[in-house]
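Raw contents of work.tsv, TSV, C-alpha atoms:
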chain	number	residue	atom	x	y	z
A	1	MET	CA	107.52	45.80	86.47
A	2	ARG	CA	105.13	48.76	86.38
A	3	THR	CA	107.64	50.86	88.31
A	4	LEU	CA	110.40	49.86	85.90
A	5	ALA	CA	108.21	50.66	82.88
A	6	TYR	CA	107.25	54.01	84.41
A	7	GLU	CA	110.89	54.95	84.98
A	8	ALA	CA	111.91	53.93	81.45
A	9	ARG	CA	109.07	55.96	79.90
A	10	ARG	CA	109.84	58.94	82.12
A	11	LEU	CA	113.52	58.97	81.21
A	12	ALA	CA	112.78	58.56	77.50
A	13	GLY	CA	110.14	61.30	77.62
A	14	VAL	CA	112.51	63.99	78.92
A	15	ARG	CA	114.22	66.08	76.24
A	16	SER	CA	117.40	66.47	78.29
A	17	THR	CA	117.97	62.70	78.14
A	18	TRP	CA	118.36	62.74	74.38
A	19	ILE	CA	120.49	65.88	74.51
A	20	VAL	CA	122.91	64.19	76.92
A	21	LEU	CA	123.02	61.01	74.84
A	22	LEU	CA	123.70	62.96	71.64
A	23	ALA	CA	126.34	65.12	73.32
A	24	THR	CA	128.12	62.02	74.65
A	25	LEU	CA	128.21	60.32	71.25
A	26	VAL	CA	129.36	63.46	69.45
A	27	GLY	CA	132.01	64.15	72.11
A	28	ALA	CA	133.34	60.60	71.86
A	29	ALA	CA	133.48	60.80	68.05
A	30	VAL	CA	135.29	64.14	68.11
A	31	PHE	CA	137.74	62.87	70.73
A	32	THR	CA	138.52	59.75	68.68
A	33	ALA	CA	138.99	61.76	65.48
A	34	LEU	CA	141.31	64.24	67.18
A	35	THR	CA	143.41	61.56	68.87
A	36	TYR	CA	143.77	59.74	65.54
A	37	ARG	CA	145.00	62.91	63.85
A	38	GLN	CA	147.61	63.34	66.60
A	39	ASP	CA	148.75	59.71	66.38
A	40	PRO	CA	147.60	57.77	63.28
A	41	GLY	CA	148.43	54.48	64.96
A	42	ALA	CA	152.00	53.57	64.11
A	43	GLY	CA	153.40	51.78	67.12
A	44	LEU	CA	150.16	52.13	69.04
A	45	SER	CA	150.11	49.98	72.17
A	46	ALA	CA	147.19	47.76	73.15
A	47	GLU	CA	146.37	50.09	76.05
A	48	GLN	CA	146.27	53.12	73.74
A	49	ALA	CA	144.16	51.26	71.22
A	50	ALA	CA	141.66	50.31	73.92
A	51	ARG	CA	141.47	53.90	75.12
A	52	ARG	CA	140.86	55.10	71.57
A	53	ILE	CA	138.02	52.73	70.68
A	54	THR	CA	136.25	53.29	74.03
A	55	ALA	CA	136.89	57.07	74.09
A	56	VAL	CA	138.92	57.35	77.30
A	57	PRO	CA	140.83	60.66	77.57
A	58	SER	CA	144.46	60.31	78.57
A	59	MET	CA	144.03	62.74	81.47
A	60	LEU	CA	140.99	60.92	82.91
A	61	PRO	CA	140.41	57.24	83.78
A	62	LEU	CA	136.72	57.26	82.82
A	63	PRO	CA	135.28	56.91	79.30
A	64	PHE	CA	132.92	59.47	77.79
A	65	ALA	CA	130.05	57.04	78.35
A	66	ALA	CA	130.64	57.13	82.12
A	67	PHE	CA	130.19	60.89	82.26
A	68	GLY	CA	127.09	60.69	80.09
A	69	ALA	CA	125.63	58.00	82.35
A	70	GLY	CA	126.50	60.10	85.41
A	71	VAL	CA	124.66	63.14	84.09
A	72	LEU	CA	121.65	60.97	83.25
A	73	GLY	CA	121.79	59.45	86.74
A	74	THR	CA	121.58	62.93	88.24
A	75	LEU	CA	118.71	63.95	85.98
A	76	CYS	CA	116.98	60.68	86.78
A	77	TYR	CA	116.41	61.73	90.39
A	78	VAL	CA	115.96	65.44	89.72
A	79	HIS	CA	112.67	64.76	87.95
A	80	GLU	CA	111.13	63.37	91.15
A	81	LEU	CA	112.33	66.40	93.11
A	82	ARG	CA	111.08	68.90	90.55
A	83	TYR	CA	107.48	67.66	90.54
A	84	PRO	CA	106.28	67.36	94.16
A	85	ALA	CA	102.92	65.91	93.08
A	86	LEU	CA	104.65	62.58	92.54
A	87	ARG	CA	105.66	62.40	96.21
A	88	THR	CA	102.12	61.82	97.48
A	89	SER	CA	102.18	58.29	96.08
A	90	LEU	CA	105.62	57.56	97.52
A	91	VAL	CA	104.87	57.78	101.25
A	92	VAL	CA	105.23	54.03	101.75
A	93	THR	CA	108.89	53.05	102.13
A	94	GLY	CA	108.52	49.98	99.90
A	95	ARG	CA	107.35	52.10	96.98
A	96	ARG	CA	110.28	54.46	97.31
A	97	LEU	CA	112.74	51.57	97.41
A	98	ARG	CA	111.12	50.00	94.35
A	99	LEU	CA	111.43	53.33	92.55
A	100	LEU	CA	115.08	53.55	93.57
A	101	GLY	CA	115.70	50.03	92.27
A	102	ALA	CA	113.97	50.88	88.99
A	103	LYS	CA	116.11	53.98	88.58
A	104	LEU	CA	119.28	51.98	89.17
A	105	LEU	CA	118.25	49.34	86.65
A	106	VAL	CA	117.27	51.87	84.00
A	107	ILE	CA	120.43	53.94	84.40
A	108	GLY	CA	122.51	50.74	84.37
A	109	GLY	CA	120.87	49.65	81.13
A	110	VAL	CA	121.34	53.08	79.56
A	111	ALA	CA	125.02	53.07	80.60
A	112	VAL	CA	125.58	49.68	78.94
A	113	ALA	CA	123.86	50.86	75.76
A	114	LEU	CA	125.85	54.10	75.82
A	115	VAL	CA	129.17	52.23	76.03
A	116	ALA	CA	128.17	50.04	73.09
A	117	ALA	CA	126.99	53.04	71.08
A	118	THR	CA	130.15	55.07	71.70
A	119	ALA	CA	132.33	52.09	70.75
A	120	LEU	CA	130.34	51.65	67.54
A	121	VAL	CA	130.56	55.35	66.69
A	122	ASP	CA	134.31	55.36	67.40
A	123	ALA	CA	134.78	52.29	65.21
A	124	VAL	CA	132.97	54.03	62.34
A	125	VAL	CA	135.07	57.18	62.81
A	126	LEU	CA	138.29	55.16	62.81
A	127	HIS	CA	137.16	53.13	59.81
A	128	PHE	CA	136.81	56.25	57.69
A	129	ALA	CA	139.83	58.00	59.22
A	130	ALA	CA	142.21	55.05	58.83
A	131	PRO	CA	142.60	53.50	55.38
A	132	GLY	CA	143.84	50.26	56.93
A	133	GLY	CA	140.92	49.71	59.28
A	134	LEU	CA	140.50	50.60	62.95
A	135	GLY	CA	143.50	52.85	63.22
A	136	TRP	CA	146.09	50.71	64.97
A	137	SER	CA	148.56	48.17	63.74
A	138	GLY	CA	148.66	44.60	64.92
A	139	LEU	CA	145.76	42.17	65.18
A	140	SER	CA	146.72	41.37	68.77
A	141	HIS	CA	145.41	44.77	69.88
A	142	THR	CA	141.86	43.77	68.98
A	143	GLN	CA	142.04	40.98	71.54
A	144	ARG	CA	142.00	43.65	74.24
A	145	LEU	CA	138.77	45.17	72.92
A	146	PRO	CA	136.26	42.86	74.72
A	147	LEU	CA	138.04	43.43	78.02
A	148	ALA	CA	138.17	47.17	77.35
A	149	LEU	CA	134.45	47.25	76.61
A	150	LEU	CA	133.70	45.26	79.76
A	151	CYS	CA	135.80	47.61	81.88
A	152	SER	CA	134.17	50.67	80.29
A	153	THR	CA	130.73	49.20	80.95
A	154	VAL	CA	131.45	48.62	84.64
A	155	LEU	CA	132.86	52.13	85.02
A	156	ALA	CA	129.91	53.73	83.19
A	157	VAL	CA	127.32	51.87	85.28
A	158	ALA	CA	129.15	52.69	88.52
A	159	ALA	CA	129.50	56.37	87.59
A	160	GLY	CA	125.80	56.61	86.76
A	161	TRP	CA	124.85	54.96	90.04
A	162	VAL	CA	127.15	57.16	92.12
A	163	ALA	CA	125.67	60.33	90.64
A	164	LEU	CA	122.12	59.03	91.09
A	165	LEU	CA	122.67	57.93	94.69
A	166	VAL	CA	124.37	61.17	95.73
A	167	CYS	CA	121.60	63.22	94.12
A	168	GLY	CA	118.97	61.13	95.88
A	169	LEU	CA	120.77	61.33	99.21
A	170	LEU	CA	121.36	65.09	99.21
A	171	ARG	CA	118.40	66.05	96.98
A	172	SER	CA	120.62	68.31	94.92
A	173	THR	CA	121.52	68.36	91.23
A	174	ALA	CA	124.77	70.15	92.00
A	175	ALA	CA	125.72	67.43	94.49
A	176	GLY	CA	125.23	64.72	91.88
A	177	LEU	CA	127.34	66.57	89.32
A	178	LEU	CA	130.05	67.31	91.89
A	179	ALA	CA	130.12	63.63	92.84
A	180	LEU	CA	130.53	62.76	89.16
A	181	SER	CA	133.46	65.17	88.92
A	182	ALA	CA	135.00	63.70	92.06
A	183	VAL	CA	134.84	60.11	90.84
A	184	GLY	CA	136.51	61.29	87.67
A	185	MET	CA	139.42	62.86	89.58
A	186	LEU	CA	139.87	60.71	92.71
A	187	PRO	CA	141.30	57.66	90.90
A	188	ALA	CA	144.29	59.78	89.86
A	189	ALA	CA	145.21	60.13	93.53
A	190	VAL	CA	145.34	56.37	94.13
A	191	GLN	CA	146.66	55.37	90.72
A	192	PRO	CA	150.38	55.42	91.71
A	193	ALA	CA	149.69	53.11	94.66
A	194	VAL	CA	147.59	50.79	92.49
A	195	ALA	CA	150.31	50.69	89.82
A	196	ALA	CA	152.91	49.80	92.45
A	197	LEU	CA	150.72	46.99	93.80
A	198	LEU	CA	150.16	45.61	90.29
A	199	ARG	CA	153.89	45.61	89.57
A	200	ARG	CA	154.61	43.94	92.90
A	201	ALA	CA	152.00	41.27	92.25
A	202	GLY	CA	153.23	40.75	88.69
A	203	ALA	CA	149.69	41.25	87.37
A	204	GLY	CA	148.77	42.77	84.05
A	205	HIS	CA	147.60	46.34	83.90
A	206	GLY	CA	144.31	45.57	82.21
A	207	PRO	CA	142.91	47.29	79.14
A	208	PHE	CA	143.52	50.84	80.38
A	209	GLY	CA	146.43	50.26	82.73
A	210	ALA	CA	146.42	51.08	86.42
A	211	ALA	CA	143.94	53.92	85.81
A	212	SER	CA	141.06	51.49	85.23
A	213	VAL	CA	141.92	49.44	88.32
A	214	ALA	CA	142.12	52.63	90.40
A	215	SER	CA	138.74	53.75	89.07
A	216	LEU	CA	137.15	50.44	90.01
A	217	ALA	CA	138.78	50.60	93.45
A	218	VAL	CA	137.16	54.00	94.01
A	219	LEU	CA	133.79	53.56	92.31
A	220	VAL	CA	132.66	50.14	93.50
A	221	PRO	CA	133.04	50.83	97.26
A	222	CYS	CA	131.37	54.23	96.74
A	223	VAL	CA	128.35	52.60	95.09
A	224	VAL	CA	127.97	50.05	97.89
A	225	LEU	CA	128.36	52.62	100.66
A	226	LEU	CA	126.02	55.16	99.07
A	227	LEU	CA	123.38	52.52	98.43
A	228	ILE	CA	123.44	51.39	102.07
A	229	VAL	CA	123.22	54.98	103.31
A	230	LEU	CA	120.41	55.95	100.94
A	231	VAL	CA	118.33	52.89	101.81
A	232	ALA	CA	118.76	53.71	105.50
A	233	VAL	CA	117.77	57.33	104.91
A	234	GLN	CA	114.78	56.39	102.78
A	235	SER	CA	113.44	54.23	105.60
A	236	ARG	CA	113.16	57.40	107.71
A	237	ARG	CA	111.91	59.83	105.06
A	238	ARG	CA	108.30	60.30	104.17
A	239	THR	CA	108.98	61.32	100.56
A	240	VAL	CA	111.64	60.59	97.93
Written form, structure tokens:
Amino acid sequence: MRTLAYEARRLAGVRSTWIVLLATLVGAAVFTALTYRQDPGAGLSAEQAARRITAVPSMLPLPFAAFGAGVLGTLCYVHELRYPALRTSLVVTGRRLRLLGAKLLVIGGVAVALVAATALVDAVVLHFAAPGGLGWSGLSHTQRLPLALLCSTVLAVAAGWVALLVCGLLRSTAAGLLALSAVGMLPAAVQPAVAALLRRAGAGHGPFGAASVASLAVLVPCVVLLLIVLVAVQSRRRTV
């Protein structure tokens, strides 16, 4: 618990954390406002409505919250690399693994909160932008919202963890940011195959269509593989 409390205080005490959080919320609000101006909502499908309320750009399968969580995941490990004095207390492997677990838990919690906050901000933006309410017609669209929020949450947590694990593995801020960019682009390569499999199986496309399924198919195995590799590497290192 002390390690978890330390990590939470450290993340909250860094100015860049609040800058990233604010930038994510503002970016999501601007994106939602602009997409509403382009299409006020007449004939809006459930998939489009889910993308709008969770701030998922049409050209990317990940919501704004996922990129914000990924940047925070990178910064989460950079702090330990920037201040070498902290490494003297992290010689024991168990302490390093506990710190890694605390970082994963904190970033996961921040990602969940960020998804909820972006959805709330987008709902407020749509409330004032659309005289009739949330900016799409048909009450049935709102039934997709819980599933869309759940999917966005999983993607945001996974993106944050991938960036954190890559940064911890390679000890490089650039590597963490490049990994975040890659997980934002790789799903597009497998999306056609995923869409074909979904059509063949007769399954629904989910809240965001095949893009969300492709993102999960890329992110979840990446998280598991990176976690196994980093734990193995940490058992051999003498510092974080």
Select, from A:Leu225, A:Val71, A:Val231, A:Leu186, the residue with the minimum atom-to-atom distance to Gly101 in chain A, counting only C-alpha atoms.
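Using only C-alpha atoms, Gly101 in chain A sits closest to A:Val231.
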Show which residues sit within 10 Å of Arg2 in chain A, as a PyMOL selection string. Count all atoms listed in the file, and ignore same-chain residues fewer than 5 positions away.
chain A and resi 7-8+99+102
Might you pull out every residue within 8 Å of Arg52 in chain A, with all atoms listed in the file counted and same-chain residues fewer than 6 positions away left off, and present them as a PyMOL selection string?
chain A and resi 32+35+122
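Across the model, the gap from CA of Leu230 in chain A to CA of Gly94 in chain A is 13.3 Å.
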Could you check the closest approach to Ala117 in chain A for each of A:Ser235, A:Thr24, A:Ser172, A:Thr74 and tell me which residue wins, using only C-alpha atoms?
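Closest candidate: A:Thr24.
Distance annotation: of A:Ile53, A:Leu81, A:Val166, A:Ile107, the residue with the minimal separation from Leu147 in chain A is A:Ile53; atom set is only C-alpha atoms.
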Got a sec: who's within 9 Å of Leu169 in chain A, counting all atoms listed in the file, leaving out chain neighbours fewer than 5 positions off, as a list in words?
Leu164, Leu226, Val229, Leu230, Val233 and Gln234 of chain A
From the list A:Pro146, A:Arg9, A:Leu105, A:Gly184, which residue is nearest Phe67 in chain A when using all atoms listed in the file?
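Closest to Phe67 in chain A, using all atoms listed in the file: A:Gly184.
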How many Å lie between CA of Gly73 in chain A and CA of Gly160 in chain A, rounded to one decimal?
4.9 Å
Which residues are near Leu75 in chain A? Cut-off 12 Å, only C-alpha atoms, ignore same chain within fewer than 4 positions. Put them as a PyMOL selection string.
chain A and resi 7+10-12+14-20+68-71+79-82+103+107+160-161+163-168+171-177
Could you write out that same residue set with C-alpha atoms as a PDB file, in the coordinates of the input?
ATOM      1  CA  GLU A   7     110.890  54.950  84.980  1.00  0.00           C
ATOM      2  CA  ARG A  10     109.840  58.940  82.120  1.00  0.00           C
ATOM      3  CA  LEU A  11     113.520  58.970  81.210  1.00  0.00           C
ATOM      4  CA  ALA A  12     112.780  58.560  77.500  1.00  0.00           C
ATOM      5  CA  VAL A  14     112.510  63.990  78.920  1.00  0.00           C
ATOM      6  CA  ARG A  15     114.220  66.080  76.240  1.00  0.00           C
ATOM      7  CA  SER A  16     117.400  66.470  78.290  1.00  0.00           C
ATOM      8  CA  THR A  17     117.970  62.700  78.140  1.00  0.00           C
ATOM      9  CA  TRP A  18     118.360  62.740  74.380  1.00  0.00           C
ATOM     10  CA  ILE A  19     120.490  65.880  74.510  1.00  0.00           C
ATOM     11  CA  VAL A  20     122.910  64.190  76.920  1.00  0.00           C
ATOM     12  CA  GLY A  68     127.090  60.690  80.090  1.00  0.00           C
ATOM     13  CA  ALA A  69     125.630  58.000  82.350  1.00  0.00           C
ATOM     14  CA  GLY A  70     126.500  60.100  85.410  1.00  0.00           C
ATOM     15  CA  VAL A  71     124.660  63.140  84.090  1.00  0.00           C
ATOM     16  CA  HIS A  79     112.670  64.760  87.950  1.00  0.00           C
ATOM     17  CA  GLU A  80     111.130  63.370  91.150  1.00  0.00           C
ATOM     18  CA  LEU A  81     112.330  66.400  93.110  1.00  0.00           C
ATOM     19  CA  ARG A  82     111.080  68.900  90.550  1.00  0.00           C
ATOM     20  CA  LYS A 103     116.110  53.980  88.580  1.00  0.00           C
ATOM     21  CA  ILE A 107     120.430  53.940  84.400  1.00  0.00           C
ATOM     22  CA  GLY A 160     125.800  56.610  86.760  1.00  0.00           C
ATOM     23  CA  TRP A 161     124.850  54.960  90.040  1.00  0.00           C
ATOM     24  CA  ALA A 163     125.670  60.330  90.640  1.00  0.00           C
ATOM     25  CA  LEU A 164     122.120  59.030  91.090  1.00  0.00           C
ATOM     26  CA  LEU A 165     122.670  57.930  94.690  1.00  0.00           C
ATOM     27  CA  VAL A 166     124.370  61.170  95.730  1.00  0.00           C
ATOM     28  CA  CYS A 167     121.600  63.220  94.120  1.00  0.00           C
ATOM     29  CA  GLY A 168     118.970  61.130  95.880  1.00  0.00           C
ATOM     30  CA  ARG A 171     118.400  66.050  96.980  1.00  0.00           C
ATOM     31  CA  SER A 172     120.620  68.310  94.920  1.00  0.00           C
ATOM     32  CA  THR A 173     121.520  68.360  91.230  1.00  0.00           C
ATOM     33  CA  ALA A 174     124.770  70.150  92.000  1.00  0.00           C
ATOM     34  CA  ALA A 175     125.720  67.430  94.490  1.00  0.00           C
ATOM     35  CA  GLY A 176     125.230  64.720  91.880  1.00  0.00           C
ATOM     36  CA  LEU A 177     127.340  66.570  89.320  1.00  0.00           C
TER      37      LEU A 177
END
Counting only C-alpha atoms, which residue out of A:Val106, A:Thr3, A:Val121, A:Leu97 sits closest to Leu22 in chain A?
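That would be A:Val121, the residue with the smallest distance to Leu22 in chain A.
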Using only C-alpha atoms, can you tell me which of A:Thr118, A:Ala113, A:Arg96, A:Pro221 comes closest to Gly27 in chain A?
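Comparing A:Thr118, A:Ala113, A:Arg96, A:Pro221 against Gly27 in chain A, the winner is A:Thr118.
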